[in-house]
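What's in query20.cif: mmCIF, C-alpha atoms
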data_final
loop_
_atom_site.group_PDB
_atom_site.id
_atom_site.type_symbol
_atom_site.label_atom_id
_atom_site.label_comp_id
_atom_site.auth_asym_id
_atom_site.auth_seq_id
_atom_site.Cartn_x
_atom_site.Cartn_y
_atom_site.Cartn_z
ATOM 1 C CA VAL A 4 134.832 107.958 172.801
ATOM 2 C CA GLU A 5 133.808 108.242 169.177
ATOM 3 C CA GLN A 6 135.222 111.241 167.339
ATOM 4 C CA CYS A 7 132.534 113.606 166.025
ATOM 5 C CA TRP A 8 133.181 115.651 162.919
ATOM 6 C CA LEU A 9 131.780 118.896 161.613
ATOM 7 C CA LEU A 10 131.741 118.915 157.827
ATOM 8 C CA LEU A 11 132.245 122.320 156.262
ATOM 9 C CA ARG A 12 131.096 122.775 152.680
ATOM 10 C CA VAL A 13 133.678 124.974 150.985
ATOM 11 C CA SER A 14 132.523 124.827 147.393
ATOM 12 C CA ARG A 15 130.489 122.598 145.148
ATOM 13 C CA GLU A 16 133.339 120.086 145.016
ATOM 14 C CA VAL A 17 135.162 120.476 148.303
ATOM 15 C CA GLU A 18 134.303 119.620 151.878
ATOM 16 C CA VAL A 19 136.510 119.966 154.953
ATOM 17 C CA ALA A 20 136.213 118.022 158.226
ATOM 18 C CA VAL A 21 136.888 119.602 161.614
ATOM 19 C CA GLU A 22 136.801 117.778 164.940
ATOM 20 C CA LEU A 23 133.690 118.953 166.729
ATOM 21 C CA SER A 24 135.690 119.226 169.951
ATOM 22 C CA ARG A 25 137.584 122.172 168.413
ATOM 23 C CA VAL A 26 134.421 124.096 167.553
ATOM 24 C CA HIS A 27 133.038 126.690 169.950
ATOM 25 C CA ARG A 28 130.087 128.057 167.958
ATOM 26 C CA ILE A 29 128.491 127.868 164.535
ATOM 27 C CA LEU A 30 126.838 131.098 163.469
ATOM 28 C CA HIS A 31 124.196 131.233 160.769
ATOM 29 C CA ARG A 32 123.235 134.445 159.022
ATOM 30 C CA ARG A 33 120.264 134.973 161.289
ATOM 31 C CA SER A 34 122.516 134.771 164.378
ATOM 32 C CA PRO A 35 122.631 138.264 165.987
ATOM 33 C CA ASP A 36 126.436 138.410 166.041
ATOM 34 C CA PHE A 37 126.995 136.790 162.631
ATOM 35 C CA GLU A 38 128.202 139.987 160.964
ATOM 36 C CA VAL A 39 130.661 140.784 163.769
ATOM 37 C CA HIS A 40 132.341 137.394 163.450
ATOM 38 C CA ALA A 41 132.030 137.301 159.660
ATOM 39 C CA ALA A 42 134.020 140.523 159.455
ATOM 40 C CA GLN A 43 136.940 138.808 161.205
ATOM 41 C CA ALA A 44 136.583 135.476 159.473
ATOM 42 C CA VAL A 45 138.858 133.993 156.855
ATOM 43 C CA ALA A 46 136.958 132.413 153.994
ATOM 44 C CA LEU A 47 137.856 128.749 153.626
ATOM 45 C CA ALA A 48 137.183 129.010 149.897
ATOM 46 C CA ARG A 49 139.765 131.768 149.548
ATOM 47 C CA TYR A 50 142.276 129.893 151.700
ATOM 48 C CA LEU A 51 141.871 126.768 149.563
ATOM 49 C CA LYS A 52 141.720 128.765 146.310
ATOM 50 C CA GLU A 53 138.296 127.343 145.544
ATOM 51 C CA PRO A 54 135.514 129.186 143.718
ATOM 52 C CA PRO A 55 132.914 130.033 146.354
ATOM 53 C CA ASP A 56 129.431 128.739 145.736
ATOM 54 C CA PRO A 57 126.961 131.657 146.085
ATOM 55 C CA SER A 58 124.048 129.240 146.388
ATOM 56 C CA LEU A 59 125.313 128.086 149.795
ATOM 57 C CA PRO A 60 123.863 129.861 152.828
ATOM 58 C CA GLY A 61 127.142 130.816 154.521
ATOM 59 C CA VAL A 62 128.164 130.123 158.123
ATOM 60 C CA VAL A 63 130.888 131.332 160.453
ATOM 61 C CA VAL A 64 132.628 128.697 162.554
ATOM 62 C CA VAL A 65 134.129 130.028 165.777
ATOM 63 C CA LEU A 66 136.818 127.682 167.054
ATOM 64 C CA SER A 67 137.796 127.149 170.668
ATOM 65 C CA SER A 68 141.015 129.025 169.836
ATOM 66 C CA GLY A 69 138.953 132.102 168.921
ATOM 67 C CA ALA A 70 139.679 131.835 165.215
ATOM 68 C CA ASN A 71 136.783 132.570 162.852
ATOM 69 C CA TRP A 72 136.342 130.799 159.529
ATOM 70 C CA TYR A 73 133.667 131.392 156.922
ATOM 71 C CA ALA A 74 132.300 128.350 155.070
ATOM 72 C CA GLY A 75 129.467 127.783 152.663
ATOM 73 C CA ASP A 76 127.627 125.486 155.022
ATOM 74 C CA ALA A 77 128.182 123.211 158.012
ATOM 75 C CA ASP A 78 126.705 119.863 158.957
ATOM 76 C CA LEU A 79 127.402 117.220 161.518
ATOM 77 C CA GLY A 80 129.185 114.328 159.875
ATOM 78 C CA PRO A 81 127.984 110.755 160.007
ATOM 79 C CA PRO A 82 129.286 108.503 162.789
ATOM 80 C CA SER A 83 133.032 108.319 162.480
ATOM 81 C CA ARG A 84 132.830 104.533 162.258
ATOM 82 C CA SER A 85 131.328 105.012 158.798
ATOM 83 C CA LEU A 86 134.211 107.221 157.696
ATOM 84 C CA ALA A 87 137.641 105.883 156.805
ATOM 85 C CA PHE A 88 140.730 108.048 157.096
ATOM 86 C CA ARG A 89 143.119 108.039 154.147
ATOM 87 C CA PRO A 90 146.380 109.962 154.436
ATOM 88 C CA VAL A 91 147.257 112.434 151.670
ATOM 89 C CA PRO A 92 150.970 112.245 150.805
ATOM 90 C CA PRO A 93 152.409 115.763 151.157
ATOM 91 C CA ASP A 94 154.066 115.561 147.733
ATOM 92 C CA LEU A 95 150.606 115.714 146.143
ATOM 93 C CA LEU A 96 150.170 119.252 147.428
ATOM 94 C CA SER A 97 151.543 122.291 145.654
ATOM 95 C CA GLU A 98 152.850 124.038 148.736
ATOM 96 C CA SER A 99 154.719 123.245 151.895
ATOM 97 C CA PRO A 100 153.905 123.002 154.737
ATOM 98 C CA PRO A 101 150.896 120.930 153.713
ATOM 99 C CA TRP A 102 147.461 122.241 154.578
ATOM 100 C CA CYS A 103 145.824 118.838 154.718
ATOM 101 C CA ARG A 104 146.789 115.529 156.208
ATOM 102 C CA GLY A 105 144.160 113.249 154.800
ATOM 103 C CA VAL A 106 140.635 112.493 153.719
ATOM 104 C CA LEU A 107 137.637 111.136 155.567
ATOM 105 C CA ALA A 108 135.833 109.012 153.035
ATOM 106 C CA GLY A 109 132.570 107.083 153.277
ATOM 107 C CA ASP A 110 128.823 107.406 153.448
ATOM 108 C CA GLY A 111 128.869 109.657 150.378
ATOM 109 C CA HIS A 112 131.375 112.040 151.913
ATOM 110 C CA TRP A 113 134.890 113.005 150.904
ATOM 111 C CA ALA A 114 136.147 115.570 153.394
ATOM 112 C CA TYR A 115 139.674 116.856 153.804
ATOM 113 C CA VAL A 116 141.146 116.884 157.299
ATOM 114 C CA LEU A 117 143.337 119.891 157.863
ATOM 115 C CA GLU A 118 146.764 119.793 159.441
ATOM 116 C CA PRO A 119 146.747 120.833 163.084
ATOM 117 C CA GLY A 120 147.144 124.574 163.461
ATOM 118 C CA VAL A 121 145.880 125.555 160.020
ATOM 119 C CA LEU A 122 142.467 126.648 161.260
ATOM 120 C CA GLU A 123 143.730 128.065 164.520
ATOM 121 C CA ALA A 124 146.017 130.469 162.679
ATOM 122 C CA SER A 125 142.976 132.247 161.197
ATOM 123 C CA ARG A 126 145.156 134.059 158.705
ATOM 124 C CA ASP A 127 145.570 133.516 154.985
ATOM 125 C CA VAL B 1 151.075 87.710 126.583
ATOM 126 C CA THR B 2 154.839 87.769 126.964
ATOM 127 C CA ASP B 3 157.218 89.743 129.153
ATOM 128 C CA SER B 4 157.504 92.251 126.329
ATOM 129 C CA ALA B 5 153.773 92.936 126.312
ATOM 130 C CA LEU B 6 152.774 96.564 126.167
ATOM 131 C CA MET B 7 149.576 98.201 127.336
ATOM 132 C CA VAL B 8 148.685 100.650 124.572
ATOM 133 C CA PHE B 9 146.092 103.314 125.216
ATOM 134 C CA ARG B 10 145.085 106.757 124.045
ATOM 135 C CA SER B 11 145.424 109.782 126.266
ATOM 136 C CA ALA B 12 145.673 113.476 125.512
ATOM 137 C CA GLY B 13 145.125 112.744 121.822
ATOM 138 C CA LEU B 14 148.178 110.487 121.570
ATOM 139 C CA LEU B 15 148.848 106.778 121.725
ATOM 140 C CA HIS B 16 150.970 105.695 124.659
ATOM 141 C CA ALA B 17 152.486 102.345 125.527
ATOM 142 C CA VAL B 18 153.540 101.138 128.961
ATOM 143 C CA PRO B 19 155.239 97.825 129.714
ATOM 144 C CA ARG B 20 152.554 95.454 130.969
ATOM 145 C CA GLU B 21 154.400 94.794 134.229
ATOM 146 C CA LYS B 22 154.048 98.471 135.191
ATOM 147 C CA VAL B 23 150.246 98.340 134.857
ATOM 148 C CA LEU B 24 148.458 97.279 138.013
ATOM 149 C CA SER B 25 144.958 97.405 136.553
ATOM 150 C CA VAL B 26 142.696 98.968 133.956
ATOM 151 C CA SER B 27 139.248 99.894 135.215
ATOM 152 C CA ALA B 28 136.249 101.931 134.120
ATOM 153 C CA TRP B 29 136.678 105.693 134.306
ATOM 154 C CA ARG B 30 135.231 107.532 137.246
ATOM 155 C CA PRO B 31 135.804 111.163 138.131
ATOM 156 C CA ALA B 32 138.496 111.954 140.659
ATOM 157 C CA TRP B 33 137.937 113.968 143.816
ATOM 158 C CA LYS B 34 139.432 117.408 143.536
ATOM 159 C CA LEU B 35 142.313 118.203 145.886
ATOM 160 C CA PRO B 36 142.501 121.963 146.513
ATOM 161 C CA ARG B 37 145.994 123.412 146.308
ATOM 162 C CA GLY B 38 147.134 120.182 144.739
ATOM 163 C CA ALA B 39 150.219 119.673 142.621
ATOM 164 C CA HIS B 40 150.024 121.313 139.188
ATOM 165 C CA TRP B 41 149.876 117.947 137.432
ATOM 166 C CA LEU B 42 147.165 116.494 139.649
ATOM 167 C CA GLU B 43 143.637 115.987 138.292
ATOM 168 C CA GLY B 44 142.417 114.656 141.619
ATOM 169 C CA LEU B 45 142.358 111.643 143.906
ATOM 170 C CA LEU B 46 140.727 108.231 143.819
ATOM 171 C CA ASP B 47 140.220 105.775 146.643
ATOM 172 C CA GLU B 48 141.630 102.521 145.350
ATOM 173 C CA GLY B 49 141.210 99.761 147.870
ATOM 174 C CA GLY B 50 141.833 102.019 150.833
ATOM 175 C CA GLU B 51 144.723 103.944 149.317
ATOM 176 C CA LEU B 52 144.507 107.416 147.809
ATOM 177 C CA VAL B 53 145.784 107.341 144.257
ATOM 178 C CA PRO B 54 146.708 110.513 142.384
ATOM 179 C CA VAL B 55 145.187 110.939 138.926
ATOM 180 C CA LEU B 56 147.349 112.593 136.303
ATOM 181 C CA LYS B 57 145.990 115.508 134.268
ATOM 182 C CA GLU B 58 145.840 114.430 130.641
ATOM 183 C CA GLU B 59 147.465 117.657 129.526
ATOM 184 C CA ILE B 60 150.731 116.475 131.093
ATOM 185 C CA LEU B 61 150.948 113.750 128.441
ATOM 186 C CA GLY B 62 150.050 115.775 125.386
ATOM 187 C CA PRO B 63 148.156 118.653 123.861
ATOM 188 C CA GLY B 64 144.956 116.836 122.941
ATOM 189 C CA ALA B 65 141.866 116.126 124.971
ATOM 190 C CA ASP B 66 139.979 112.852 125.022
ATOM 191 C CA VAL B 67 136.923 111.894 126.979
ATOM 192 C CA PRO B 68 138.402 109.242 129.269
ATOM 193 C CA GLU B 69 136.893 105.752 129.326
ATOM 194 C CA VAL B 70 139.333 103.942 131.573
ATOM 195 C CA ILE B 71 141.812 104.453 134.343
ATOM 196 C CA VAL B 72 145.194 102.906 133.697
ATOM 197 C CA LEU B 73 146.714 102.319 137.101
ATOM 198 C CA LEU B 74 150.496 102.273 137.138
ATOM 199 C CA GLU B 75 152.770 101.226 139.950
ATOM 200 C CA GLU B 76 156.396 102.159 140.345
ATOM 201 C CA GLN B 77 158.339 101.330 143.493
ATOM 202 C CA GLY B 78 155.097 100.760 145.376
ATOM 203 C CA ARG B 79 153.517 104.099 144.418
ATOM 204 C CA ARG B 80 150.448 104.188 142.295
ATOM 205 C CA LEU B 81 149.496 106.684 139.623
ATOM 206 C CA ALA B 82 146.265 106.714 137.624
ATOM 207 C CA ILE B 83 146.187 107.873 134.009
ATOM 208 C CA PRO B 84 142.937 108.666 132.188
ATOM 209 C CA GLY B 85 142.769 106.827 128.879
ATOM 210 C CA ARG B 86 140.739 105.297 126.085
ATOM 211 C CA GLY B 87 140.826 102.088 124.085
ATOM 212 C CA PRO B 88 143.393 100.084 126.039
ATOM 213 C CA VAL B 89 144.819 97.034 124.246
ATOM 214 C CA LEU B 90 147.607 94.647 125.061
ATOM 215 C CA ARG B 91 150.177 94.254 122.311
ATOM 216 C CA ASP B 92 153.282 92.197 121.983
ATOM 217 C CA GLY B 93 156.090 94.702 122.273
ATOM 218 C CA ALA B 94 158.391 92.503 120.184
ATOM 219 C CA THR B 95 156.330 93.249 117.082
ATOM 220 C CA GLU B 96 156.514 96.997 117.533
ATOM 221 C CA ALA B 97 159.086 98.740 115.364
ATOM 222 C CA ARG B 98 161.130 101.106 117.493
ATOM 223 C CA ASP B 99 162.970 104.164 116.279
ATOM 224 C CA PRO B 100 166.739 104.396 116.916
ATOM 225 C CA GLN B 101 166.239 106.176 120.262
ATOM 226 C CA GLY B 102 163.685 103.606 121.364
ATOM 227 C CA GLU B 103 161.262 106.361 122.324
ATOM 228 C CA ASP B 104 158.620 105.916 119.675
ATOM 229 C CA ALA B 105 157.058 102.923 118.055
ATOM 230 C CA ARG B 106 154.578 102.197 115.325
ATOM 231 C CA PRO B 107 152.067 99.428 115.772
ATOM 232 C CA GLY B 108 152.740 96.481 113.534
ATOM 233 C CA GLY B 109 155.516 98.131 111.625
ATOM 234 C CA SER B 110 155.785 101.344 109.676
ATOM 235 C CA GLY B 111 152.759 101.343 107.400
ATOM 236 C CA GLU B 112 151.634 104.729 106.167
ATOM 237 C CA ASN B 113 148.377 104.574 108.122
ATOM 238 C CA SER B 114 149.946 103.507 111.385
ATOM 239 C CA GLU B 115 149.897 105.999 114.224
ATOM 240 C CA GLU B 116 152.947 106.786 116.259
ATOM 241 C CA ILE B 117 153.021 105.303 119.748
ATOM 242 C CA ARG B 118 154.946 106.987 122.521
ATOM 243 C CA ILE B 119 156.645 104.632 124.938
ATOM 244 C CA LEU B 120 155.832 106.034 128.343
ATOM 245 C CA ASP B 121 158.822 105.872 130.684
ATOM 246 C CA SER B 122 156.938 105.537 133.950
ATOM 247 C CA ARG B 123 160.038 105.953 136.091
ATOM 248 C CA LEU B 124 160.923 109.222 134.363
ATOM 249 C CA LEU B 125 157.313 110.373 134.642
ATOM 250 C CA TYR B 126 157.208 109.608 138.369
ATOM 251 C CA THR B 127 160.505 111.378 138.951
ATOM 252 C CA THR B 128 159.381 114.423 136.986
ATOM 253 C CA LEU B 129 156.186 114.592 139.036
ATOM 254 C CA GLY B 130 158.148 114.358 142.283
ATOM 255 C CA LEU B 131 156.688 110.970 143.200
ATOM 256 C CA LEU B 132 160.013 109.141 143.313
ATOM 257 C CA TYR B 133 163.209 110.039 145.034
ATOM 258 C CA ASN B 134 166.086 110.472 142.618
ATOM 259 C CA GLU B 135 169.742 109.778 143.313
ATOM 260 C CA SER B 136 170.303 113.192 144.890
ATOM 261 C CA GLY B 137 167.677 112.409 147.498
ATOM 262 C CA SER B 138 165.156 114.929 146.206
ATOM 263 C CA ASN B 139 161.687 114.012 144.974
ATOM 264 C CA ARG B 140 160.976 117.391 143.427
ATOM 265 C CA GLY B 141 160.555 117.391 139.693
ATOM 266 C CA SER B 142 162.065 120.056 137.505
#
Take the structure from the file and write it as structure tokens.
Amino acid sequence: VEQCWLLLRVSREVEVAVELSRVHRILHRRSPDFEVHAAQAVALARYLKEPPDPSLPGVVVVLSSGANWYAGDADLGPPSRSLAFRPVPPDLLSESPPWCRGVLAGDGHWAYVLEPGVLEASRD
Amino acid sequence: VTDSALMVFRSAGLLHAVPREKVLSVSAWRPAWKLPRGAHWLEGLLDEGGELVPVLKEEILGPGADVPEVIVLLEEQGRRLAIPGRGPVLRDGATEARDPQGEDARPGGSGENSEEIRILDSRLLYTTLGLLYNESGSNRGS
């Protein structure tokens, strides 16, 4: 079974990939319960210390674990066969434990794949 | 080109020289992908033939700022490191006049108009950045 990815736009320069199988719902601003979930959500931009991009519409991603994350935007990724995984050595990160384990690169995308558990924690 | 050949290039407003055998390639500059929460010395990442290569921030090498033209790709113990640079040239290291400590050199001797070249100790650089394990078993730089 081909892995499907949800690509979360964090900032102008940064995109994060999440396995679609871990995603329960994606809430846009016009969703009736957007504000309820947004109030509990951790902003990916803040977690990654990235400047948020106010021009992005803003979405809340509700994971199967119940964790809520706020991202600038979300899109289905291209077929995973067009994306190549490249591991990120942990010594390139400033903190331990590492937040990211690699990059999905290809088809114009460069999306960081988070370490298991990072998104589920829903705390920053 | 002899074994003593040096790759000389400008980065951070200074001239640097690396032994030719430490240079894997020199290619046209392209911007690196930003890695959030990356190491303090890290400009970003490049995909080089299927391997992620860290790109060094120029400010680590000196106080100046140059618009990079090339990527000088180093390799030390199988790990790659990309350095932004300008004007790379190969020179015969045997003709470079070294100072007593062997740390600096002047191209073609010590003429008044010659510019100082810093010999870049790639092993020391890697160790400082935490990319190589030192004798104590740690790869954390100071």
Between chain A and chain B, at 6 Å or less, what are the per-residue closest atom pairs and their distances in Å? Count all atoms listed in the file, order by chain and rising residue number, and return it as a tab-separated table.
residue	atom	partner	partner_atom	distance
A:Leu51	CA	B:Pro36	CA	5.7
A:Leu95	CA	B:Ala39	CA	5.3
A:Leu96	CA	B:Gly38	CA	4.2
A:Ser97	CA	B:Ala39	CA	4.2
Practice item. Name the residues captured by the PyMOL selection byres ((chain B and resi 86) around 6) when it is applied to the shown file; answer as an MDAnalysis selection string. Key: chainID B and resid 9:10 68:70 85 87:88
Practice item. List the neighbours of range 60-67 of chain A out to 6 Å using only C-alpha atoms; skip same-chain residues closer than 4 positions along the sequence, and give me the result as an MDAnalysis selection string. Key: chainID A and resid 25:31 71:76
Take the residues from that selection and put them in a file with C-alpha atoms, as a short mmCIF file (atom, residue, chain, number, x, y, z; two decimals), keeping the file's coordinate frame.
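Saved the output as result-v6.cif:
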data_model
loop_
_atom_site.label_atom_id
_atom_site.label_comp_id
_atom_site.auth_asym_id
_atom_site.auth_seq_id
_atom_site.Cartn_x
_atom_site.Cartn_y
_atom_site.Cartn_z
CA ARG A 25 137.58 122.17 168.41
CA VAL A 26 134.42 124.10 167.55
CA HIS A 27 133.04 126.69 169.95
CA ARG A 28 130.09 128.06 167.96
CA ILE A 29 128.49 127.87 164.54
CA LEU A 30 126.84 131.10 163.47
CA HIS A 31 124.20 131.23 160.77
CA ASN A 71 136.78 132.57 162.85
CA TRP A 72 136.34 130.80 159.53
CA TYR A 73 133.67 131.39 156.92
CA ALA A 74 132.30 128.35 155.07
CA GLY A 75 129.47 127.78 152.66
CA ASP A 76 127.63 125.49 155.02
#
Point to revise | Close residues, range 9-12 of chain A itself excluded, 7 Å, all atoms listed in the file, min 3 positions apart in chain, as a PyMOL selection string | key: chain A and resi 17-23+74-80
Exercise for review: Can you pull out every residue within 12 Å of Glu76 in chain B, counting all atoms listed in the file, but drop anything in the same chain fewer than 4 positions away, and send it as a VMD selection string?
Suggested key: chain B and resid 18 to 19 21 to 24 80 to 82 121 to 127 131 to 133
Please report, as AutoDock Vina command-line options, the centre and edge lengths in Å to one decimal of an axis-aligned box covering all listed atoms of range 33-44 of chain A with 8 Å per side.
--center_x 128.6 --center_y 137.8 --center_z 162.7 --size_x 32.7 --size_y 22.0 --size_z 22.6
